[in-house]
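Below: work08.txt (compact mmCIF, C-alpha atoms)
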# COMPACT_ATOMS: atom_id res chain seq x y z
CA MET G 1 -1.61 23.14 13.73
CA LYS G 2 -2.77 19.62 14.55
CA LEU G 3 -3.25 17.21 11.62
CA ILE G 4 -5.97 14.60 11.89
CA LYS G 5 -6.49 11.77 9.43
CA LYS G 6 -9.97 12.11 8.01
CA GLU G 7 -12.12 9.29 6.82
CA PRO G 8 -13.33 9.65 3.22
CA ARG G 9 -17.09 9.87 2.97
CA LEU G 10 -19.55 10.38 0.19
CA LEU G 11 -20.71 13.97 -0.09
CA HIS G 12 -24.29 13.08 0.80
CA ASP G 13 -23.03 11.50 4.06
CA CYS G 14 -22.00 14.95 5.35
CA ASP G 15 -24.67 16.88 7.21
CA ASP G 16 -23.28 20.22 6.08
CA ASP G 17 -21.10 20.16 2.98
CA SER G 18 -20.02 23.74 3.65
CA GLN G 19 -17.84 22.33 6.45
CA SER G 20 -16.22 19.66 4.27
CA SER G 21 -12.73 20.00 2.90
CA GLU G 22 -12.13 19.12 -0.73
CA ILE G 23 -9.22 17.46 -2.50
CA ILE G 24 -8.99 17.53 -6.29
CA VAL G 25 -7.34 14.52 -7.91
CA ILE G 26 -5.96 15.33 -11.37
CA ARG G 27 -5.32 12.65 -13.98
CA SER G 28 -3.83 13.50 -17.33
CA THR G 29 -6.11 11.15 -19.30
CA LYS G 30 -9.33 11.54 -17.34
CA PRO G 31 -11.46 14.50 -16.29
CA LYS G 32 -10.90 16.01 -12.84
CA LYS G 33 -12.36 14.00 -9.99
CA ARG G 34 -13.25 15.29 -6.57
CA ILE G 35 -13.16 13.66 -3.19
CA THR G 36 -14.68 15.33 -0.16
CA PHE G 37 -14.07 14.58 3.50
CA CYS G 38 -16.46 15.25 6.35
CA GLU G 39 -15.13 17.38 9.15
CA ASN G 40 -16.54 14.92 11.71
CA VAL G 41 -13.72 12.69 12.92
CA THR G 42 -14.02 9.54 15.00
CA VAL G 43 -11.04 8.51 17.12
CA SER G 44 -10.75 5.05 18.65
CA ASP G 45 -8.18 3.88 21.17
CA THR G 46 -6.43 0.62 20.36
CA ILE G 47 -4.34 -1.74 22.42
CA HIS G 48 -0.62 -1.76 21.64
CA VAL G 49 0.53 -5.04 20.13
CA ASP G 50 2.80 -5.67 23.14
CA ASN G 51 -0.25 -5.57 25.42
CA ILE G 52 -2.25 -8.19 23.51
CA SER G 53 -2.25 -11.64 25.09
CA ASP G 54 -1.39 -14.75 23.11
CA LYS G 55 -5.01 -15.90 23.42
CA GLU G 56 -6.28 -12.55 22.02
CA LYS G 57 -3.83 -12.84 19.11
CA GLU G 58 -5.00 -16.37 18.45
CA LEU G 59 -8.61 -15.20 18.38
CA ALA G 60 -7.88 -12.14 16.21
CA TRP G 61 -5.63 -13.67 13.53
CA TYR G 62 -6.25 -16.51 11.11
CA SER G 63 -4.28 -19.67 11.81
CA GLN G 64 -2.30 -21.41 9.07
CA LYS G 65 -5.05 -24.05 8.90
CA GLU G 66 -7.73 -21.36 8.49
CA MET G 67 -5.70 -19.61 5.76
CA LEU G 68 -5.33 -22.91 3.92
CA MET G 69 -9.10 -23.48 4.13
CA ILE G 70 -9.77 -19.96 2.79
CA ARG G 71 -7.42 -20.56 -0.17
CA MET G 72 -8.96 -23.96 -0.88
CA GLN G 73 -12.48 -22.44 -0.83
CA ALA G 74 -11.38 -19.62 -3.15
CA ASN G 75 -9.84 -22.11 -5.60
CA TYR G 76 -12.97 -24.27 -5.44
CA ASP G 77 -15.22 -21.26 -6.09
CA MET G 78 -13.11 -20.11 -9.04
CA LYS G 79 -13.08 -23.59 -10.61
CA ARG G 80 -16.88 -23.81 -10.31
CA LEU G 81 -17.23 -20.34 -11.79
CA GLU G 82 -14.94 -21.13 -14.72
CA ALA G 83 -16.76 -24.41 -15.34
CA GLY G 84 -20.08 -22.52 -15.44
CA LYS G 85 -21.42 -24.46 -12.44
CA THR G 86 -22.26 -21.35 -10.45
CA ASP G 87 -23.35 -17.78 -11.00
CA LYS G 88 -21.17 -14.74 -10.21
CA ARG G 89 -24.12 -13.28 -8.34
CA LYS G 90 -24.18 -16.26 -5.95
CA ILE G 91 -20.55 -16.12 -4.81
CA CYS G 92 -18.29 -13.21 -4.00
CA ILE G 93 -15.18 -13.14 -6.18
CA ARG G 94 -13.89 -9.83 -4.77
CA GLY G 95 -10.12 -10.07 -4.54
CA LEU G 96 -10.04 -13.10 -6.85
CA GLU G 97 -10.30 -11.17 -10.12
CA SER G 98 -6.76 -12.08 -11.15
CA ARG G 99 -7.71 -15.77 -10.88
CA THR G 100 -10.77 -15.60 -13.11
CA THR G 101 -8.88 -16.69 -16.21
CA SER G 102 -5.52 -18.32 -16.83
CA GLU G 103 -4.60 -15.26 -18.90
CA ARG G 104 -5.20 -12.93 -15.96
CA MET G 105 -3.27 -15.24 -13.66
CA GLU G 106 -0.35 -15.28 -16.09
CA THR G 107 -0.46 -11.49 -16.45
CA ARG G 108 -0.37 -11.12 -12.67
CA ARG G 109 2.58 -13.53 -12.36
CA LYS G 110 4.41 -11.69 -15.15
CA ASN G 111 3.81 -8.30 -13.49
CA ILE G 112 5.17 -9.58 -10.18
CA TYR G 113 8.16 -11.21 -11.86
CA ASP G 114 8.95 -8.12 -13.97
CA SER G 115 8.79 -5.77 -11.00
CA ILE G 116 10.98 -7.96 -8.79
CA THR G 117 13.48 -8.53 -11.60
CA ALA G 118 13.72 -4.82 -12.37
CA VAL G 119 14.36 -3.93 -8.72
CA LEU G 120 16.94 -6.69 -8.25
CA ASP G 121 18.71 -5.78 -11.52
CA GLU G 122 18.87 -2.14 -10.46
CA GLN G 123 20.21 -3.14 -7.04
CA ASP G 124 22.88 -5.29 -8.72
CA GLN G 125 23.86 -2.43 -11.01
CA GLN G 126 24.09 -0.02 -8.07
CA TYR G 127 26.15 -2.54 -6.12
CA GLU G 128 28.57 -2.93 -9.04
CA ASN G 129 28.85 0.87 -9.32
CA ASP G 130 29.31 1.18 -5.55
CA SER G 131 26.27 3.45 -5.32
CA TYR G 132 22.99 3.47 -3.45
CA ASP G 133 19.97 5.34 -4.79
CA GLU G 134 16.73 4.12 -3.25
CA GLU G 135 14.81 6.92 -4.99
CA ARG G 136 15.89 5.52 -8.38
CA ILE G 137 14.72 2.06 -7.32
CA ARG G 138 11.38 3.50 -6.16
CA LYS G 139 10.84 5.34 -9.43
CA LEU G 140 11.79 2.27 -11.48
CA TYR G 141 9.32 0.12 -9.58
CA GLN G 142 6.68 2.84 -9.86
CA VAL G 143 6.98 2.91 -13.68
CA ILE G 144 6.78 -0.87 -13.94
CA SER G 145 3.82 -1.19 -11.58
CA LYS G 146 1.81 1.65 -13.17
CA THR G 147 -0.48 -0.69 -15.13
CA CYS G 148 -1.23 -2.64 -11.95
CA GLU G 149 -1.99 0.62 -10.16
CA LEU G 150 -4.40 1.72 -12.89
CA GLU G 151 -6.15 -1.64 -12.83
CA ALA G 152 -6.49 -1.44 -9.04
CA GLN G 153 -7.95 2.07 -9.36
CA ASN G 154 -10.50 0.76 -11.87
CA VAL G 155 -11.48 -2.05 -9.49
CA GLY G 156 -11.78 0.50 -6.68
CA ALA G 157 -13.99 2.74 -8.80
CA SER G 158 -16.17 -0.24 -9.66
CA ASP G 159 -16.40 -1.15 -5.95
CA ALA G 160 -17.42 2.43 -5.12
CA VAL G 161 -20.26 2.25 -7.64
CA ALA G 162 -21.37 -1.11 -6.23
CA ALA G 163 -21.21 0.23 -2.66
CA ARG G 164 -23.46 3.15 -3.55
CA LEU G 165 -26.08 0.71 -4.81
CA ILE G 166 -26.24 -1.13 -1.47
Using the file provided, produce a representation of the structure as structure tokens.
Amino acid sequence: MKLIKKEPRLLHDCDDDSQSSEIIVIRSTKPKKRITFCENVTVSDTIHVDNISDKEKELAWYSQKEMLMIRMQANYDMKRLEAGKTDKRKICIRGLESRTTSERMETRRKNIYDSITAVLDEQDQQYENDSYDEERIRKLYQVISKTCELEAQNVGASDAVAARLI
């Protein structure tokens, strides 16, 4: 049996939904949600990274200068938004949600710090006990990052609604 990665599509994008496979996602606090996948699969060949020339890499990836300019523009946009000098509808803040208020920024920093600290503390404890349990570290991180995961899922759901309106 050959497995092929399928691209998620909205149900109305499928020509014949009788040919679509269905996955049911179960959440304990929310009603069941369904995702369907079209049976039509598109495969594209790509060049292996070792076969990409330096010039092609330079053209495909942002330079450090370009990344700095992107960050500066994002910071500028957020400062204007916070100062009420622009409208959310006029600039795209997608991906900058955690920077919209100092409280959100602090929450994000705390989440990152807590997750790193928990993993490092667990690694130290395992080192002292002369043990190695990567599954325990994974589960510990998973518990700590659960709120971030839920928030990301909410943002994704919001994006899906916005995409359907386009």
(message) Using all atoms listed in the file for the distances, tell me which of G:Glu122, G:Asp54, G:Asp114, G:Asp87 is nearest to G:Lys139.
(response) G:Glu122
(message) Please compute the atom CA of G:Val119-atom CA of G:Thr147 distance, one decimal, in Å.
(response) 16.5 Å
(message) Measuring between all atoms listed in the file, which one of G:Ala83, G:Ile144, G:Ala74, G:Ala152 shows the shortest distance to G:Leu96?
(response)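 Residue with the minimum atom-to-atom distance to G:Leu96: G:Ala74.
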(request) To one decimal in Å, tell me the separation between atom CA of G:Arg104 and atom CA of G:Glu151. (result)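 Value for the atom CA of G:Arg104-atom CA of G:Glu151 distance: 11.8 Å.
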(message) Ranking G:His48, G:Cys92, G:Leu120, G:Ile112 by minimum distance to G:Arg138 and counting only C-alpha atoms, which one comes first?
(response)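 Ranked by minimum distance to G:Arg138, first place goes to G:Leu120.
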(request) May I ask for the distance between atom CA of G:Phe37 and atom CA of G:Leu150, given in Å to one decimal place? (result) 23.0 Å
Axis-aligned box for all listed atoms of stretch 63-76 of chain G, 6 Å per side, centre and edges in Å to one decimal, as AutoDock Vina command-line options:
--center_x -7.6 --center_y -21.9 --center_z 3.1 --size_x 22.7 --size_y 16.7 --size_z 29.4
(message) Taking 6 positions as the minimum chain separation for residues in the same chain, which residues sit within 12 Å of G:Val49 when counting only C-alpha atoms? Answer as a list in words.
(response) Glu56, Lys57 and Ala60 of chain G
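The smallest atom-to-atom distance between G:Ala118 and any of G:Ser102, G:Ser145, G:Ser44, G:Ser131, using only C-alpha atoms, is found for G:Ser145.
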